[in-house]
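K.L.:
Contents of target_14.txt (compact mmCIF, C-alpha atoms) are given next:
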# COMPACT_ATOMS: atom_id res chain seq x y z
CA MET A 1 -14.59 20.78 7.51
CA ALA A 2 -15.20 22.80 4.35
CA ILE A 3 -11.44 23.30 3.92
CA LEU A 4 -10.47 19.73 4.67
CA LEU A 5 -13.09 18.01 2.55
CA PRO A 6 -11.92 19.34 -0.84
CA LEU A 7 -8.36 18.42 0.05
CA LEU A 8 -9.36 14.81 0.63
CA LEU A 9 -11.54 14.72 -2.46
CA LEU A 10 -9.12 16.37 -4.86
CA THR A 11 -5.76 15.15 -3.59
CA PRO A 12 -5.49 11.39 -4.08
CA GLN A 13 -3.61 9.59 -1.35
CA ALA A 14 -0.40 7.92 -2.42
CA TYR A 15 -1.63 4.88 -0.55
CA ASP A 16 -4.78 2.88 -1.17
CA PRO A 17 -5.92 0.81 1.81
CA GLU A 18 -7.19 -2.12 -0.21
CA VAL A 19 -3.91 -2.43 -2.11
CA GLU A 20 -1.99 -3.00 1.10
CA VAL A 21 -4.47 -5.62 2.28
CA VAL A 22 -4.28 -7.44 -1.05
CA MET A 23 -0.50 -7.34 -1.04
CA ASN A 24 -0.43 -8.66 2.53
CA ARG A 25 -2.67 -11.51 1.45
CA ARG A 26 -0.46 -12.30 -1.52
CA ARG A 27 2.60 -12.39 0.74
CA LYS A 28 0.82 -14.79 3.11
CA GLU A 29 -0.25 -17.00 0.21
CA ALA A 30 3.31 -17.08 -1.08
CA ALA A 31 4.43 -18.35 2.30
CA ALA A 32 1.58 -20.86 2.65
CA PRO A 33 3.32 -23.83 0.98
CA ALA A 34 6.03 -23.91 3.63
CA ALA A 35 3.42 -24.28 6.32
CA SER A 36 1.72 -27.15 4.52
CA SER A 37 4.69 -29.52 4.41
CA ALA A 38 3.50 -31.51 7.41
CA ALA A 39 -0.07 -31.85 6.11
CA PRO A 40 -1.56 -35.05 4.67
CA ALA A 41 -0.97 -35.45 0.96
CA GLN A 42 -4.53 -34.63 -0.05
CA ALA A 43 -4.34 -31.39 1.94
CA VAL A 44 -1.14 -30.09 0.39
CA ARG A 45 -1.93 -26.80 -1.27
CA ALA A 46 0.04 -24.33 -3.35
CA ASP A 47 -1.93 -21.24 -2.39
CA GLY A 48 -4.05 -22.34 0.54
CA ARG A 49 -6.75 -23.71 -1.77
CA ILE A 50 -5.62 -26.24 -4.35
CA PRO A 51 -5.51 -29.88 -3.20
CA VAL A 52 -2.88 -32.14 -4.74
CA PRO A 53 -3.35 -35.90 -5.28
CA GLU A 54 -1.05 -38.18 -3.33
CA LYS A 55 0.88 -39.19 -6.46
CA PHE A 56 2.11 -35.63 -6.96
CA ALA A 57 2.05 -34.32 -3.40
CA LYS A 58 5.63 -34.98 -2.30
CA PRO A 59 7.40 -33.71 -5.44
CA PHE A 60 5.01 -30.77 -5.60
CA GLN A 61 5.78 -29.78 -2.03
CA ALA A 62 9.50 -30.27 -2.64
CA CYS A 63 9.25 -28.03 -5.70
CA LEU A 64 7.42 -25.33 -3.77
CA ASP A 65 9.95 -25.51 -0.95
CA GLN A 66 12.77 -25.10 -3.45
CA ALA A 67 11.02 -22.07 -4.95
CA ILE A 68 10.60 -20.50 -1.53
CA ASP A 69 14.26 -21.01 -0.67
CA SER A 70 15.52 -20.00 -4.11
CA PRO A 71 13.27 -19.13 -7.08
CA ASP A 72 15.99 -20.20 -9.51
CA GLN A 73 16.25 -23.61 -7.86
CA GLY A 74 12.47 -23.90 -7.92
CA ILE A 75 12.43 -23.11 -11.64
CA ALA A 76 15.06 -25.76 -12.34
CA PHE A 77 13.23 -28.32 -10.18
CA ALA A 78 9.90 -27.63 -11.91
CA GLN A 79 11.36 -27.86 -15.40
CA LYS A 80 13.06 -31.17 -14.63
CA TRP A 81 9.93 -32.54 -12.97
CA ARG A 82 7.80 -31.51 -15.94
CA LEU A 83 10.01 -33.57 -18.27
CA GLU A 84 9.68 -36.50 -15.86
CA GLY A 85 5.88 -36.46 -15.96
CA GLY A 86 4.91 -33.91 -13.34
CA SER A 87 1.71 -33.05 -15.22
CA PHE A 88 0.23 -29.60 -14.73
CA TYR A 89 1.48 -29.58 -11.15
CA ALA A 90 5.01 -29.11 -12.44
CA ARG A 91 3.91 -26.15 -14.57
CA HIS A 92 1.97 -24.83 -11.58
CA CYS A 93 5.11 -24.89 -9.46
CA LEU A 94 7.04 -23.32 -12.32
CA GLY A 95 4.60 -20.41 -12.33
CA PHE A 96 4.91 -20.14 -8.56
CA ALA A 97 8.72 -20.04 -8.78
CA TYR A 98 8.65 -17.37 -11.49
CA ALA A 99 6.22 -15.36 -9.37
CA ARG A 100 8.53 -15.65 -6.37
CA ALA A 101 11.23 -14.13 -8.59
CA GLU A 102 8.74 -11.45 -9.72
CA ARG A 103 9.21 -12.60 -13.30
CA TRP A 104 5.61 -12.01 -14.16
CA ALA A 105 5.59 -12.68 -17.91
CA PRO A 106 6.94 -16.26 -17.68
CA ALA A 107 4.80 -16.83 -14.57
CA ILE A 108 1.69 -15.97 -16.59
CA VAL A 109 2.72 -18.36 -19.37
CA ALA A 110 3.42 -21.19 -16.92
CA PHE A 111 0.07 -20.77 -15.18
CA GLU A 112 -1.78 -20.57 -18.50
CA GLN A 113 -0.08 -23.72 -19.76
CA ALA A 114 -0.87 -25.47 -16.48
CA ALA A 115 -4.50 -24.40 -16.81
CA ASP A 116 -4.71 -25.71 -20.38
CA GLU A 117 -3.12 -29.01 -19.36
CA ALA A 118 -5.50 -29.42 -16.42
CA GLU A 119 -8.45 -28.76 -18.72
CA ARG A 120 -7.26 -31.30 -21.27
CA GLY A 121 -7.14 -33.80 -18.42
CA GLY A 122 -10.72 -33.02 -17.52
CA ASP A 123 -9.99 -31.15 -14.28
CA MET A 124 -11.98 -27.99 -14.87
CA ALA A 125 -11.84 -26.83 -11.26
CA GLN A 126 -8.04 -26.93 -11.25
CA SER A 127 -8.00 -25.20 -14.61
CA ALA A 128 -10.17 -22.41 -13.21
CA ARG A 129 -7.85 -21.97 -10.23
CA LEU A 130 -4.79 -21.84 -12.43
CA TRP A 131 -6.37 -19.27 -14.72
CA ALA A 132 -7.00 -17.23 -11.57
CA GLN A 133 -3.32 -17.46 -10.66
CA ALA A 134 -2.40 -16.34 -14.17
CA GLY A 135 -4.67 -13.36 -13.62
CA ASN A 136 -3.00 -12.45 -10.36
CA ALA A 137 0.42 -12.70 -11.98
CA ALA A 138 -0.80 -10.37 -14.72
CA LEU A 139 -2.12 -7.92 -12.13
CA ALA A 140 1.20 -8.01 -10.29
CA GLY A 141 2.95 -7.31 -13.58
CA GLY A 142 0.74 -4.32 -14.29
CA ASP A 143 -1.29 -5.85 -17.15
CA ALA A 144 -4.85 -5.37 -15.97
CA ALA A 145 -6.38 -6.20 -19.36
CA LYS A 146 -4.69 -9.58 -19.45
CA ALA A 147 -5.65 -10.12 -15.83
CA ARG A 148 -9.31 -9.51 -16.66
CA THR A 149 -9.11 -12.00 -19.53
CA SER A 150 -7.59 -14.62 -17.24
CA PHE A 151 -10.16 -14.06 -14.49
CA ASP A 152 -12.96 -14.33 -17.05
CA ALA A 153 -11.41 -17.58 -18.29
CA ALA A 154 -11.37 -18.87 -14.71
CA LEU A 155 -15.03 -18.03 -14.20
CA ALA A 156 -15.95 -19.63 -17.53
CA ARG A 157 -14.51 -22.95 -16.36
CA GLY A 158 -16.69 -23.01 -13.34
CA LEU A 159 -16.12 -22.97 -9.62
CA PRO A 160 -18.73 -23.92 -7.04
CA ASP A 161 -20.39 -21.16 -5.09
CA GLY A 162 -18.49 -20.13 -2.01
CA LEU A 163 -15.38 -18.38 -0.78
CA GLU A 164 -13.15 -19.36 -3.67
CA LYS A 165 -15.50 -17.93 -6.27
CA GLY A 166 -15.98 -14.83 -4.17
CA GLU A 167 -12.25 -14.19 -3.96
CA LEU A 168 -11.94 -14.67 -7.71
CA HIS A 169 -14.51 -11.91 -8.12
CA LEU A 170 -12.48 -9.74 -5.73
CA ASP A 171 -9.44 -10.11 -7.95
CA ARG A 172 -11.50 -9.50 -11.08
CA ALA A 173 -12.85 -6.31 -9.51
CA ARG A 174 -9.31 -5.05 -8.89
CA ALA A 175 -8.49 -5.59 -12.56
CA LEU A 176 -11.64 -3.79 -13.65
CA VAL A 177 -10.92 -0.83 -11.38
CA ALA A 178 -7.46 -0.58 -12.91
CA LEU A 179 -9.13 -0.54 -16.35
CA GLY A 180 -11.58 2.16 -15.29
CA ASP A 181 -14.62 -0.14 -15.49
CA MET A 182 -16.27 0.82 -12.22
CA ASP A 183 -19.64 -0.66 -13.14
CA GLY A 184 -18.06 -4.02 -13.91
CA ALA A 185 -16.07 -3.84 -10.70
CA ARG A 186 -19.24 -3.13 -8.73
CA ASP A 187 -20.92 -6.17 -10.28
CA SER A 188 -18.02 -8.41 -9.23
CA LEU A 189 -17.87 -6.94 -5.75
CA ASP A 190 -21.59 -7.47 -5.31
CA VAL A 191 -20.99 -11.15 -6.05
CA ALA A 192 -17.96 -11.21 -3.74
CA THR A 193 -19.84 -9.82 -0.75
CA VAL A 194 -22.29 -12.70 -1.10
CA GLN A 195 -19.92 -15.52 -2.02
CA ALA A 196 -17.10 -14.39 0.31
CA ALA A 197 -19.17 -12.67 2.96
CA GLN A 198 -16.86 -13.95 5.70
CA ASP A 199 -13.85 -12.25 4.15
CA PRO A 200 -13.32 -8.68 5.41
CA LEU A 201 -11.42 -7.86 2.24
CA ALA A 202 -14.65 -8.14 0.25
CA TRP A 203 -16.27 -5.48 2.39
CA LEU A 204 -13.17 -3.26 2.37
CA LEU A 205 -12.86 -3.36 -1.41
CA SER A 206 -16.56 -2.73 -1.82
CA ALA A 207 -16.49 0.19 0.62
CA THR A 208 -13.49 1.73 -1.10
CA LEU A 209 -15.08 1.49 -4.53
CA ALA A 210 -18.30 2.94 -3.18
CA ARG A 211 -16.36 5.88 -1.72
CA ARG A 212 -14.61 6.48 -5.03
CA THR A 213 -17.89 6.45 -6.95
CA GLY A 214 -19.72 8.67 -4.47
CA GLU A 215 -22.01 5.97 -3.04
CA LEU A 216 -21.31 7.05 0.50
CA ARG A 217 -24.19 5.26 2.21
CA LEU A 218 -23.05 1.99 0.70
CA ALA A 219 -19.47 2.83 1.65
CA GLN A 220 -20.52 3.42 5.27
CA ALA A 221 -22.46 0.16 5.47
CA HIS A 222 -19.70 -1.94 3.96
CA ILE A 223 -16.82 -0.42 5.89
CA ALA A 224 -18.82 -1.06 9.06
CA ARG A 225 -18.85 -4.77 8.15
CA ALA A 226 -15.10 -4.71 7.50
CA VAL A 227 -14.44 -3.01 10.85
CA GLN A 228 -16.65 -5.52 12.65
CA MET A 229 -14.76 -8.43 11.11
CA SER A 230 -11.24 -6.99 11.21
CA PRO A 231 -11.02 -4.25 13.87
CA ASP A 232 -7.25 -4.58 14.25
CA ASP A 233 -6.38 -4.02 10.58
CA ALA A 234 -4.78 -0.63 9.94
CA SER A 235 -5.95 -0.55 6.32
CA VAL A 236 -9.55 -1.06 7.36
CA ALA A 237 -9.22 1.66 10.01
CA LEU A 238 -7.73 4.04 7.46
CA GLU A 239 -10.61 3.51 5.06
CA GLU A 240 -13.11 3.91 7.89
CA GLY A 241 -11.62 7.32 8.50
CA ASN A 242 -11.60 8.21 4.81
CA ILE A 243 -15.31 7.48 4.55
CA ALA A 244 -16.16 9.17 7.84
CA ILE A 245 -14.51 12.44 6.85
CA LEU A 246 -16.48 12.52 3.61
CA THR A 247 -19.74 12.05 5.50
CA ASP A 248 -19.07 14.86 8.00
CA HIS A 249 -18.15 12.60 10.91
CA GLU A 250 -14.85 14.17 11.84
CA ASP A 251 -14.82 12.59 15.31
CA VAL A 252 -15.20 9.11 13.80
CA ALA A 253 -12.52 9.87 11.22
CA ARG A 254 -10.12 11.07 13.88
CA SER A 255 -10.69 7.99 16.02
CA ALA A 256 -10.31 5.63 13.07
CA TRP A 257 -7.12 7.25 11.83
CA GLN A 258 -5.69 7.26 15.35
CA ARG A 259 -6.45 3.55 15.55
CA ALA A 260 -4.68 2.93 12.25
CA VAL A 261 -1.61 4.75 13.52
CA LYS A 262 -1.68 2.83 16.80
CA ILE A 263 -2.06 -0.55 15.09
CA ALA A 264 0.72 -0.13 12.54
CA PRO A 265 2.51 3.23 12.72
CA ALA A 266 5.28 2.30 10.27
CA SER A 267 2.98 0.71 7.69
CA PRO A 268 1.71 2.57 4.61
CA ALA A 269 -1.76 2.59 6.18
CA GLY A 270 -0.47 4.04 9.44
CA LYS A 271 1.55 6.70 7.65
CA ALA A 272 -1.39 7.68 5.44
CA ALA A 273 -3.61 7.92 8.51
CA ALA A 274 -1.05 10.11 10.27
CA GLU A 275 -0.95 12.42 7.26
CA SER A 276 -4.73 12.71 7.32
CA LEU A 277 -4.72 13.37 11.05
CA ALA A 278 -2.25 16.20 10.52
CA ARG A 279 -4.83 17.98 8.34
CA LEU A 280 -7.51 17.92 11.01
CA PRO A 281 -6.24 20.68 13.35
CA ALA A 282 -6.31 23.28 10.59
CA ALA A 283 -9.89 22.34 9.80
CA ALA A 284 -10.84 22.40 13.50
CA ALA A 285 -9.28 25.81 13.95
CA ARG A 286 -11.30 27.26 11.09
As structure tokens, please, write out the structure in this file.
P.N.:
Amino acid sequence: MAILLPLLLLTPQAYDPEVEVVMNRRRKEAAAPAASSAAPAQAVRADGRIPVPEKFAKPFQACLDQAIDSPDQGIAFAQKWRLEGGSFYARHCLGFAYARAERWAPAIVAFEQAADEAERGGDMAQSARLWAQAGNAALAGGDAAKARTSFDAALARGLPDGLEKGELHLDRARALVALGDMDGARDSLDVATVQAAQDPLAWLLSATLARRTGELRLAQAHIARAVQMSPDDASVALEEGNIAILTDHEDVARSAWQRAVKIAPASPAGKAAAESLARLPAAAAR
């Protein structure tokens, strides 16, 4: 173990388990509008959260569908709809279409403008959600400082306690980690594990940060929650192994990494787990 431990501590993995989980979530959210087309108007949502009034529901869904099929068509639809009175929903869809095209700078602008327009109309909750989307676009574009500013703007506009606020704190924590503000990230993750306690991502992110900052007891406790809630997630299994090896539980690490490989051998998590497993025999033979 004495040989293996420094390798894991000093050689950063090319893969971070929480990044893959977050990216998987973003991909699912991007696909969510297509699944909502048969829902009642009040339940139509752009990202699984934001309800749309009946007046705007059909064109909003049509715009999202266009963006999913072709980002360029979605952009054209949103711009035309905005001129025809689509309110901030048109700008929202415009941001979504730009994000689908991975054009992060104009996506940020569109979401910010939508947030400002929603606020001017007195809809502070929608404004907060749109600022959060601007923050995620900034994170995707590699601008963590702008992302933090957007997430702070979202929090300033107020969201009720619960899952949505918790997930906003998760995203804010990712921005703060990217900026090297581990204390700030811990504060946000502490909120997230309360507000979004039913989300295994909160516990995974918290466990990973705790591992990185040397709080291994906290890391063990929080990864145990993530495993309990999401035992078939390769990223969670990988992180369970990462924490176990650093706490001298090689048998647990081996089992966790083997599970990650079994669950998703071709995924980044599975490959990272396989690489870690390959280091174990040399340590065992010591």
K.L.:
Find the residues around A:Ala253 up to 10 Å (all atoms listed in the file counted), leave out those fewer than 4 positions away in its own chain, and share them as an MDAnalysis selection string.
P.N.:
chainID A and resid 237:249 257:259 273 276:277 280
K.L.:
Let me have the centre and edge lengths in Å, one decimal, of the box along x, y and z around every listed atom of stretch 260-268 of chain A with 5 Å of margin on each side, as AutoDock Vina command-line options.
P.N.:
--center_x 0.3 --center_y 2.1 --center_z 10.7 --size_x 20.0 --size_y 15.3 --size_z 22.2
K.L.:
Hey, can you pull every residue with an atom no more than 12 Å from (-14.2, -13.2, -18.7), using all atoms listed in the file, and send it as a list in words?
P.N.:
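The residues near that point, listed by chain and number, are Ala128, Trp131, Ala132, Gly135, Ala145, Lys146, Ala147, Arg148, Thr149, Ser150, Phe151, Asp152, Ala153, Ala154, Leu155, Ala156, Arg157, Gly158, Leu168, His169, Arg172, Ala173, Ala175, Leu176, Gly184 and Ser188 of chain A.
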K.L.:
Could you work out how far atom CA of A:Lys165 lies from atom CA of A:Leu216, giving the answer in Å with one decimal?
P.N.:
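Interatomic distance here is 26.5 Å.
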K.L.:
I'd like the interatomic distance between atom CA of A:Ala62 and atom CA of A:Glu102, to a tenth of an Å.
P.N.:
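For atom CA of A:Ala62 relative to atom CA of A:Glu102, the distance reads 20.1 Å.
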K.L.:
Between A:Ala76, A:Leu204, A:Ala260, A:Ala105, which has the minimum distance to A:Glu275 (counting all atoms listed in the file)?
P.N.:
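Smallest separation from A:Glu275 among the options: A:Ala260.
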K.L.:
May I have the residues within 12 Å of A:Arg120 as an NGL selection string, using all atoms listed in the file and disregarding those fewer than 6 positions away in the same chain?
P.N.:
:A and (87-88 or 113-114 or 126-127)
